[in-house]
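Shown next: upload-v2.json, containing JSON, C-alpha atoms.
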[["chain", "number", "residue", "atom", "x", "y", "z"],
["A", 1, "MET", "CA", 40.15, 2.49, 3.78],
["A", 2, "THR", "CA", 36.52, 3.11, 2.84],
["A", 3, "THR", "CA", 35.65, 2.31, -0.78],
["A", 4, "SER", "CA", 31.83, 2.45, -0.81],
["A", 5, "LYS", "CA", 29.44, 5.18, 0.33],
["A", 6, "VAL", "CA", 29.44, 5.42, 4.11],
["A", 7, "THR", "CA", 25.99, 5.44, 5.70],
["A", 8, "LEU", "CA", 24.79, 5.46, 9.29],
["A", 9, "ARG", "CA", 24.36, 1.72, 9.08],
["A", 10, "ARG", "CA", 27.91, 1.29, 7.78],
["A", 11, "LEU", "CA", 29.29, 3.44, 10.61],
["A", 12, "ARG", "CA", 27.47, 1.27, 13.12],
["A", 13, "GLU", "CA", 28.81, -1.90, 11.48],
["A", 14, "LEU", "CA", 32.37, -0.61, 11.55],
["A", 15, "ALA", "CA", 32.09, 0.41, 15.19],
["A", 16, "ASP", "CA", 30.52, -2.90, 16.20],
["A", 17, "ALA", "CA", 33.31, -4.76, 14.41],
["A", 18, "GLY", "CA", 35.93, -2.79, 16.31],
["A", 19, "THR", "CA", 37.19, -1.01, 13.20],
["A", 20, "PRO", "CA", 38.29, 2.50, 14.23],
["A", 21, "LEU", "CA", 36.40, 5.32, 12.52],
["A", 22, "VAL", "CA", 38.49, 8.01, 10.83],
["A", 23, "MET", "CA", 37.10, 11.55, 10.73],
["A", 24, "VAL", "CA", 38.88, 14.65, 9.47],
["A", 25, "THR", "CA", 37.73, 18.19, 8.91],
["A", 26, "ALA", "CA", 37.44, 19.85, 5.50],
["A", 27, "TYR", "CA", 36.45, 23.38, 4.58],
["A", 28, "ASP", "CA", 36.73, 23.65, 0.80],
["A", 29, "PHE", "CA", 36.90, 21.57, -2.37],
["A", 30, "VAL", "CA", 40.62, 20.87, -2.06],
["A", 31, "SER", "CA", 40.56, 19.66, 1.55],
["A", 32, "GLY", "CA", 37.41, 17.69, 0.75],
["A", 33, "ARG", "CA", 39.24, 15.93, -2.07],
["A", 34, "VAL", "CA", 42.13, 15.15, 0.28],
["A", 35, "ALA", "CA", 39.74, 13.51, 2.74],
["A", 36, "GLU", "CA", 38.00, 11.61, -0.06],
["A", 37, "ARG", "CA", 41.21, 10.35, -1.65],
["A", 38, "ALA", "CA", 42.70, 9.40, 1.74],
["A", 39, "GLY", "CA", 39.72, 7.17, 2.51],
["A", 40, "ALA", "CA", 38.26, 8.95, 5.55],
["A", 41, "ASP", "CA", 35.05, 7.44, 6.91],
["A", 42, "LEU", "CA", 33.59, 10.77, 8.00],
["A", 43, "VAL", "CA", 34.28, 14.35, 6.99],
["A", 44, "LEU", "CA", 33.39, 17.21, 9.31],
["A", 45, "VAL", "CA", 32.83, 20.70, 7.99],
["A", 46, "GLY", "CA", 33.78, 22.18, 11.33],
["A", 47, "ASP", "CA", 33.16, 25.66, 12.61],
["A", 48, "SER", "CA", 36.93, 25.54, 13.26],
["A", 49, "GLY", "CA", 37.01, 26.79, 9.68],
["A", 50, "ALA", "CA", 36.30, 30.17, 11.23],
["A", 51, "GLN", "CA", 39.88, 30.22, 12.45],
["A", 52, "VAL", "CA", 41.91, 28.03, 10.09],
["A", 53, "VAL", "CA", 40.27, 29.23, 6.85],
["A", 54, "LEU", "CA", 38.56, 32.57, 7.47],
["A", 55, "GLY", "CA", 40.98, 34.01, 10.03],
["A", 56, "TYR", "CA", 38.46, 34.75, 12.78],
["A", 57, "PRO", "CA", 39.66, 34.75, 16.40],
["A", 58, "ASP", "CA", 37.25, 32.02, 17.50],
["A", 59, "THR", "CA", 34.62, 29.59, 16.24],
["A", 60, "THR", "CA", 31.68, 31.74, 17.30],
["A", 61, "SER", "CA", 32.46, 34.39, 14.69],
["A", 62, "ILE", "CA", 31.49, 32.35, 11.63],
["A", 63, "THR", "CA", 28.00, 32.91, 10.23],
["A", 64, "LEU", "CA", 25.46, 30.40, 9.00],
["A", 65, "ASP", "CA", 25.84, 31.60, 5.41],
["A", 66, "GLU", "CA", 29.62, 31.26, 5.63],
["A", 67, "MET", "CA", 29.28, 27.72, 7.00],
["A", 68, "LEU", "CA", 26.91, 26.83, 4.19],
["A", 69, "THR", "CA", 29.39, 28.13, 1.62],
["A", 70, "LEU", "CA", 32.13, 25.94, 3.09],
["A", 71, "ALA", "CA", 29.81, 22.94, 3.27],
["A", 72, "LYS", "CA", 28.72, 23.26, -0.35],
["A", 73, "ALA", "CA", 32.35, 23.34, -1.50],
["A", 74, "VAL", "CA", 33.19, 20.23, 0.51],
["A", 75, "ARG", "CA", 30.09, 18.40, -0.73],
["A", 76, "ARG", "CA", 31.26, 18.90, -4.32],
["A", 77, "ALA", "CA", 34.44, 17.01, -3.41],
["A", 78, "VAL", "CA", 33.13, 14.35, -1.05],
["A", 79, "ARG", "CA", 31.27, 11.34, -2.39],
["A", 80, "THR", "CA", 32.22, 8.37, -0.21],
["A", 81, "PRO", "CA", 32.66, 9.65, 3.39],
["A", 82, "PHE", "CA", 29.71, 10.47, 5.64],
["A", 83, "LEU", "CA", 29.45, 14.27, 5.65],
["A", 84, "VAL", "CA", 28.72, 16.06, 8.93],
["A", 85, "CYS", "CA", 28.47, 19.84, 9.41],
["A", 86, "ASP", "CA", 28.74, 21.88, 12.58],
["A", 87, "LEU", "CA", 25.73, 24.01, 13.45],
["A", 88, "PRO", "CA", 27.36, 27.41, 14.00],
["A", 89, "PHE", "CA", 26.84, 29.53, 17.07],
["A", 90, "GLY", "CA", 23.73, 31.67, 16.81],
["A", 91, "SER", "CA", 21.93, 29.40, 14.35],
["A", 92, "THR", "CA", 20.11, 27.22, 16.90],
["A", 93, "GLU", "CA", 20.02, 29.15, 20.16],
["A", 94, "LEU", "CA", 16.62, 30.84, 19.80],
["A", 95, "SER", "CA", 14.32, 27.84, 19.54],
["A", 96, "ASP", "CA", 13.85, 24.26, 18.41],
["A", 97, "GLU", "CA", 12.19, 25.63, 15.30],
["A", 98, "GLN", "CA", 15.27, 27.67, 14.45],
["A", 99, "ALA", "CA", 17.48, 24.62, 14.98],
["A", 100, "ILE", "CA", 15.34, 22.52, 12.65],
["A", 101, "ALA", "CA", 15.26, 25.24, 9.99],
["A", 102, "THR", "CA", 19.05, 25.62, 10.15],
["A", 103, "SER", "CA", 19.61, 21.88, 9.90],
["A", 104, "VAL", "CA", 17.23, 21.61, 6.95],
["A", 105, "ARG", "CA", 19.26, 24.26, 5.14],
["A", 106, "PHE", "CA", 22.42, 22.19, 5.55],
["A", 107, "VAL", "CA", 20.66, 19.13, 4.15],
["A", 108, "HIS", "CA", 18.85, 20.91, 1.30],
["A", 109, "GLU", "CA", 21.46, 23.47, 0.26],
["A", 110, "ALA", "CA", 24.71, 21.68, 1.05],
["A", 111, "GLY", "CA", 23.63, 18.05, 0.81],
["A", 112, "THR", "CA", 25.05, 17.08, 4.19],
["A", 113, "ASP", "CA", 24.34, 13.67, 5.72],
["A", 114, "ALA", "CA", 24.12, 14.94, 9.30],
["A", 115, "VAL", "CA", 24.73, 17.92, 11.56],
["A", 116, "LYS", "CA", 26.68, 18.29, 14.80],
["A", 117, "ILE", "CA", 25.59, 20.25, 17.84],
["A", 118, "GLU", "CA", 27.66, 21.10, 20.90],
["A", 119, "GLY", "CA", 26.69, 20.81, 24.53],
["A", 120, "ALA", "CA", 24.16, 19.09, 26.75],
["A", 121, "THR", "CA", 22.25, 21.82, 28.54],
["A", 122, "PRO", "CA", 18.47, 21.36, 28.64],
["A", 123, "ALA", "CA", 18.14, 23.77, 25.69],
["A", 124, "ARG", "CA", 20.84, 21.95, 23.69],
["A", 125, "LEU", "CA", 19.20, 18.59, 24.33],
["A", 126, "SER", "CA", 15.85, 19.99, 23.25],
["A", 127, "ARG", "CA", 17.40, 21.19, 19.98],
["A", 128, "LEU", "CA", 19.04, 17.81, 19.42],
["A", 129, "ARG", "CA", 15.79, 15.91, 19.95],
["A", 130, "ALA", "CA", 13.88, 18.28, 17.68],
["A", 131, "ILE", "CA", 16.37, 17.90, 14.83],
["A", 132, "VAL", "CA", 16.37, 14.11, 15.14],
["A", 133, "GLU", "CA", 12.57, 14.06, 15.21],
["A", 134, "ALA", "CA", 12.65, 16.11, 12.01],
["A", 135, "GLY", "CA", 14.51, 13.23, 10.38],
["A", 136, "ILE", "CA", 18.06, 14.61, 10.35],
["A", 137, "PRO", "CA", 20.86, 12.60, 12.00],
["A", 138, "VAL", "CA", 22.72, 14.47, 14.74],
["A", 139, "MET", "CA", 26.22, 14.00, 16.13],
["A", 140, "GLY", "CA", 26.70, 15.26, 19.69],
["A", 141, "HIS", "CA", 29.74, 16.98, 21.18],
["A", 142, "VAL", "CA", 30.66, 17.10, 24.89],
["A", 143, "GLY", "CA", 33.70, 17.82, 27.03],
["A", 144, "LEU", "CA", 35.44, 20.89, 25.67],
["A", 145, "THR", "CA", 32.84, 22.68, 23.56],
["A", 146, "PRO", "CA", 34.62, 25.56, 21.78],
["A", 147, "GLN", "CA", 31.43, 27.55, 21.12],
["A", 148, "THR", "CA", 30.92, 27.97, 24.86],
["A", 149, "ALA", "CA", 34.55, 27.78, 25.93],
["A", 150, "THR", "CA", 34.33, 31.06, 27.85],
["A", 151, "ALA", "CA", 31.78, 29.55, 30.22],
["A", 152, "LEU", "CA", 34.08, 26.54, 30.67],
["A", 153, "GLY", "CA", 37.04, 28.70, 31.66],
["A", 154, "GLY", "CA", 38.65, 28.82, 28.24],
["A", 155, "LEU", "CA", 40.03, 26.30, 25.77],
["A", 156, "ARG", "CA", 41.29, 23.77, 28.29],
["A", 157, "ALA", "CA", 40.80, 20.12, 29.19],
["A", 158, "GLN", "CA", 37.58, 19.10, 30.90],
["A", 159, "GLY", "CA", 36.74, 16.30, 33.33],
["A", 160, "ARG", "CA", 39.93, 16.61, 35.37],
["A", 161, "THR", "CA", 38.20, 16.69, 38.74],
["A", 162, "ALA", "CA", 35.77, 14.09, 40.05],
["A", 163, "ASP", "CA", 32.79, 16.45, 39.84],
["A", 164, "ASP", "CA", 33.68, 17.64, 36.37],
["A", 165, "ALA", "CA", 34.30, 14.11, 35.11],
["A", 166, "VAL", "CA", 30.85, 13.09, 36.34],
["A", 167, "ARG", "CA", 29.43, 16.16, 34.57],
["A", 168, "VAL", "CA", 30.99, 15.07, 31.27],
["A", 169, "ALA", "CA", 29.63, 11.55, 31.77],
["A", 170, "ARG", "CA", 26.17, 12.89, 32.53],
["A", 171, "HIS", "CA", 26.31, 15.04, 29.39],
["A", 172, "ALA", "CA", 27.43, 12.16, 27.18],
["A", 173, "LEU", "CA", 24.60, 9.93, 28.39],
["A", 174, "ALA", "CA", 22.07, 12.71, 27.99],
["A", 175, "VAL", "CA", 23.19, 13.39, 24.42],
["A", 176, "GLN", "CA", 22.92, 9.70, 23.62],
["A", 177, "ASP", "CA", 19.43, 9.51, 25.13],
["A", 178, "ALA", "CA", 18.38, 12.58, 23.14],
["A", 179, "GLY", "CA", 19.05, 10.64, 19.93],
["A", 180, "ALA", "CA", 22.60, 11.37, 18.78],
["A", 181, "PHE", "CA", 24.05, 8.66, 16.51],
["A", 182, "ALA", "CA", 27.61, 9.38, 17.73],
["A", 183, "ILE", "CA", 29.33, 11.70, 20.19],
["A", 184, "VAL", "CA", 32.52, 13.71, 19.88],
["A", 185, "ILE", "CA", 34.30, 13.90, 23.22],
["A", 186, "GLU", "CA", 36.98, 16.58, 23.24],
["A", 187, "ALA", "CA", 39.87, 17.23, 25.64],
["A", 188, "VAL", "CA", 38.88, 14.81, 28.40],
["A", 189, "PRO", "CA", 41.31, 12.44, 30.19],
["A", 190, "ALA", "CA", 41.48, 9.03, 28.54],
["A", 191, "ALA", "CA", 40.68, 7.18, 31.77],
["A", 192, "VAL", "CA", 37.49, 9.21, 32.18],
["A", 193, "VAL", "CA", 36.43, 8.56, 28.59],
["A", 194, "ALA", "CA", 37.08, 4.83, 29.02],
["A", 195, "GLU", "CA", 34.60, 4.74, 31.90],
["A", 196, "ILE", "CA", 32.02, 6.78, 29.99],
["A", 197, "ARG", "CA", 32.26, 4.51, 26.96],
["A", 198, "ARG", "CA", 31.27, 1.52, 29.09],
["A", 199, "ALA", "CA", 27.81, 3.08, 29.49],
["A", 200, "LEU", "CA", 27.35, 4.27, 25.91],
["A", 201, "ARG", "CA", 25.66, 2.44, 23.05],
["A", 202, "VAL", "CA", 26.78, 4.90, 20.35],
["A", 203, "PRO", "CA", 30.30, 5.41, 18.95],
["A", 204, "VAL", "CA", 32.59, 7.97, 20.54],
["A", 205, "ILE", "CA", 34.77, 10.06, 18.23],
["A", 206, "GLY", "CA", 37.68, 11.24, 20.30],
["A", 207, "ILE", "CA", 39.79, 14.36, 20.01],
["A", 208, "GLY", "CA", 42.21, 14.56, 22.89],
["A", 209, "ALA", "CA", 40.19, 11.83, 24.59],
["A", 210, "GLY", "CA", 42.33, 8.71, 24.29],
["A", 211, "ASP", "CA", 41.12, 5.47, 22.75],
["A", 212, "ALA", "CA", 37.61, 5.50, 21.29],
["A", 213, "GLU", "CA", 35.55, 4.09, 18.44],
["A", 214, "GLY", "CA", 36.97, 6.81, 16.22],
["A", 215, "GLN", "CA", 39.32, 9.78, 16.09],
["A", 216, "VAL", "CA", 39.05, 13.24, 14.56],
["A", 217, "LEU", "CA", 41.59, 15.97, 13.94],
["A", 218, "VAL", "CA", 41.51, 19.29, 12.15],
["A", 219, "GLN", "CA", 43.04, 18.58, 8.75],
["A", 220, "HIS", "CA", 45.06, 21.78, 8.79],
["A", 221, "ASP", "CA", 46.55, 20.79, 12.17],
["A", 222, "LEU", "CA", 47.53, 17.23, 11.26],
["A", 223, "LEU", "CA", 49.06, 18.39, 7.97],
["A", 224, "GLY", "CA", 51.02, 21.19, 9.63],
["A", 225, "ILE", "CA", 49.31, 23.97, 7.70],
["A", 226, "THR", "CA", 48.25, 26.04, 10.70],
["A", 227, "GLU", "CA", 50.84, 28.26, 12.35],
["A", 228, "GLY", "CA", 51.75, 28.48, 16.00],
["A", 229, "ARG", "CA", 51.46, 25.99, 18.82],
["A", 230, "SER", "CA", 49.06, 23.09, 18.38],
["A", 231, "PRO", "CA", 46.93, 21.55, 21.14],
["A", 232, "VAL", "CA", 48.64, 18.70, 22.99],
["A", 233, "PHE", "CA", 46.38, 16.14, 21.33],
["A", 234, "VAL", "CA", 47.46, 17.04, 17.79],
["A", 235, "LYS", "CA", 49.99, 14.85, 16.01],
["A", 236, "ARG", "CA", 51.49, 16.48, 12.95],
["A", 237, "TYR", "CA", 51.86, 14.04, 10.07],
["A", 238, "ALA", "CA", 53.34, 16.51, 7.58],
["A", 239, "ALA", "CA", 54.80, 20.00, 7.34],
["A", 240, "VAL", "CA", 52.64, 21.23, 4.49],
["A", 241, "GLY", "CA", 52.57, 24.83, 5.70],
["A", 242, "GLU", "CA", 56.35, 25.14, 5.63],
["A", 243, "ALA", "CA", 56.47, 23.45, 2.23],
["A", 244, "MET", "CA", 53.91, 25.96, 0.91],
["A", 245, "VAL", "CA", 55.94, 28.92, 2.16],
["A", 246, "ALA", "CA", 59.14, 27.44, 0.71],
["A", 247, "GLY", "CA", 57.44, 26.94, -2.63],
["A", 248, "VAL", "CA", 56.19, 30.51, -2.84],
["A", 249, "GLU", "CA", 59.59, 31.82, -1.74],
["A", 250, "ALA", "CA", 61.26, 29.83, -4.53],
["A", 251, "PHE", "CA", 58.76, 31.22, -7.04],
["A", 252, "ALA", "CA", 59.40, 34.78, -5.85],
["A", 253, "SER", "CA", 63.15, 34.24, -6.13],
["A", 254, "ASP", "CA", 62.86, 32.96, -9.71],
["A", 255, "VAL", "CA", 60.63, 35.86, -10.72],
["A", 256, "ARG", "CA", 63.01, 38.44, -9.28],
["A", 257, "ALA", "CA", 65.97, 36.75, -10.95],
["A", 258, "ARG", "CA", 64.03, 36.55, -14.22],
["A", 259, "THR", "CA", 64.62, 32.81, -14.40],
["A", 260, "PHE", "CA", 60.89, 32.19, -14.49],
["A", 261, "PRO", "CA", 59.20, 31.80, -16.84],
["A", 262, "GLY", "CA", 61.65, 29.68, -18.82],
["A", 263, "ARG", "CA", 61.22, 28.60, -22.42],
["A", 264, "GLU", "CA", 59.36, 25.48, -21.28],
["A", 265, "HIS", "CA", 56.70, 27.63, -19.59],
["A", 266, "VAL", "CA", 55.68, 29.78, -22.55],
["A", 267, "TYR", "CA", 53.51, 29.17, -25.64],
["A", 268, "PRO", "CA", 55.43, 29.13, -28.95],
["A", 269, "ALA", "CA", 54.42, 31.25, -31.96],
["A", 270, "ALA", "CA", 55.50, 31.10, -35.57],
["A", 271, "ASP", "CA", 57.82, 33.90, -36.72],
["A", 272, "GLU", "CA", 55.18, 35.35, -39.01],
["A", 273, "VAL", "CA", 52.73, 35.68, -36.15],
["A", 274, "ALA", "CA", 55.10, 37.79, -34.08],
["A", 275, "ALA", "CA", 56.07, 39.72, -37.23],
["A", 276, "ALA", "CA", 52.44, 40.61, -37.89],
["A", 277, "VAL", "CA", 52.04, 42.04, -34.41],
["A", 278, "ARG", "CA", 55.38, 43.89, -34.78],
["A", 279, "SER", "CA", 54.21, 45.51, -37.99],
["A", 280, "PHE", "CA", 50.92, 46.49, -36.37],
["A", 281, "ILE", "CA", 52.66, 48.09, -33.40],
["A", 282, "ASP", "CA", 55.27, 49.88, -35.57],
["A", 283, "ALA", "CA", 52.52, 51.29, -37.77],
["A", 284, "ARG", "CA", 50.98, 53.04, -34.80]]

As structure tokens, the full file:
Amino acid sequence: MTTSKVTLRRLRELADAGTPLVMVTAYDFVSGRVAERAGADLVLVGDSGAQVVLGYPDTTSITLDEMLTLAKAVRRAVRTPFLVCDLPFGSTELSDEQAIATSVRFVHEAGTDAVKIEGATPARLSRLRAIVEAGIPVMGHVGLTPQTATALGGLRAQGRTADDAVRVARHALAVQDAGAFAIVIEAVPAAVVAEIRRALRVPVIGIGAGDAEGQVLVQHDLLGITEGRSPVFVKRYAAVGEAMVAGVEAFASDVRARTFPGREHVYPAADEVAAAVRSFIDAR
């Protein structure tokens, strides 16, 4: 468990020592506090918040201003972990200058330690290099990239054919060479990732990618808050969502039965105080 402020140097030391890196998502003050108290090494304000917090159908729907609002809330809660924020779709696509300006906003307005950018097309790599050259650390993301999932044939595993596996490897190496300090590899067979890692000098944070220098999951998924079927790579460590529903149902039942509030849940008042109000009301 991390007890001192995590920096890029500390992340590198942990990875070099073979200590697995723990990264979880957070989208508000409460989930940020959970990550902080649990001792996560990295916290990701993911654009997955579009779905699990804001109720959008996909990650591309969230706006830059909405992402900044989530990031600011998490920053207020997170002191020790290294804070990374996703660059949302539409906030970097126009030019390197736009990508730099967006990243600067995350650093200045939300106090993030780094940003994360998906993909490894020539344009994506240009954006990554530009942000790094501007002095802002960048985490890469290859394999399944949700922002461009439509072009990849949907939200499904990548690198399952020889050609596609080589494509993922080429992307990972290109992202590293462009200056990323770490790379998220998502939904790629573990055997493929193992081969890719042999050629990488930066830590890999896996999500559905087998063994790696670190692992990341959406906090709402691992806690069982989200509804419906989870991706195959999600392990649920709690059933918080069901517990929340059960709690509200119990509250509703007590209210309807008039068993809440009980005497222990109300503020007492001296008899003369209530009598004064009674006299006032009766006089009307």

Could you give me, as a ChimeraX atom specification, the residues within 10 Å of Gly90 (chain A), counting all atoms listed in the file and dropping anything in the same chain fewer than 3 positions from it? /A:60-64,87,93-94,98-99,147

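Those residues that approach Ala178 (chain A) to within 7 Å, counting all atoms listed in the file, are Leu125, Leu128, Arg129, Ala174 and Val175 of chain A; same-chain residues fewer than 3 positions away are not listed.
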
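One distance worth recording is that between CA of His265 (chain A) and CA of Glu249 (chain A), which is 18.6 Å.
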
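Here CA of Pro231 (chain A) stands at a distance of 18.5 Å from CA of Gly214 (chain A).
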
If I take CA of Gly210 (chain A) and CA of Gly119 (chain A), how far is one from the other in Å, to one decimal?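 That distance, rounded to one decimal, is 19.8 Å.
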
Of the candidates A:Asp282, A:Glu186, A:Asp254, A:Glu109, which shows the shortest atom-to-atom distance to Ile205 (chain A), using all atoms listed in the file?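 Smallest separation from Ile205 (chain A) among the options: A:Glu186.
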
Taking 4 positions as the minimum chain separation for residues in the same chain, which residues sit within 6 Å of Ala40 (chain A) when counting only C-alpha atoms? Answer as a list in words.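 The contact residues come out as Val22, Met23 and Ala35 of chain A.
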
Residue with smallest distance to Val74 (chain A) - pool A:Gly46, A:Gly159, A:Pro20, A:Gly208, counting only C-alpha atoms: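 Using only C-alpha atoms, Val74 (chain A) sits closest to A:Gly46.
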
Which neighbours of region 111-114 of chain A fall inside 8 Å, counting all atoms listed in the file, when residues of the same chain fewer than 6 positions from it are skipped, and could you give them as a PyMOL selection string? chain A and resi 71-72+75+82-85+136-139

Close residues, Arg198 (chain A) itself excluded, 12 Å, only C-alpha atoms, min 6 positions apart in chain, as a list in words: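 Near neighbours after the sequence-gap exclusion: Ala169, Ala172, Leu173, Ala191, Val192, Val204, Ala212 and Glu213 of chain A.
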
Ranking A:Arg263, A:Asp164, A:Thr3, A:Gln219 by minimum distance to Asp28 (chain A) and counting all atoms listed in the file, which one comes first?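 Under the stated criterion, the closest residue is A:Gln219.
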
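Across A:Thr19, A:Ser48, A:Ser4, A:Thr59, the tightest approach to His220 (chain A) is made by A:Ser48 when counting all atoms listed in the file.
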
Selection as an mmCIF file with C-alpha atoms, in the coordinates of the input: residues within 8 Å of (21.3, 5.7, 22.3), counting only C-alpha atoms:
data_model
loop_
_atom_site.group_PDB
_atom_site.id
_atom_site.type_symbol
_atom_site.label_atom_id
_atom_site.label_comp_id
_atom_site.auth_asym_id
_atom_site.auth_seq_id
_atom_site.Cartn_x
_atom_site.Cartn_y
_atom_site.Cartn_z
ATOM 1 C CA GLN A 176 22.920 9.700 23.620
ATOM 2 C CA ASP A 177 19.430 9.510 25.130
ATOM 3 C CA ALA A 178 18.380 12.580 23.140
ATOM 4 C CA GLY A 179 19.050 10.640 19.930
ATOM 5 C CA ALA A 180 22.600 11.370 18.780
ATOM 6 C CA PHE A 181 24.050 8.660 16.510
ATOM 7 C CA LEU A 200 27.350 4.270 25.910
ATOM 8 C CA ARG A 201 25.660 2.440 23.050
ATOM 9 C CA VAL A 202 26.780 4.900 20.350
#
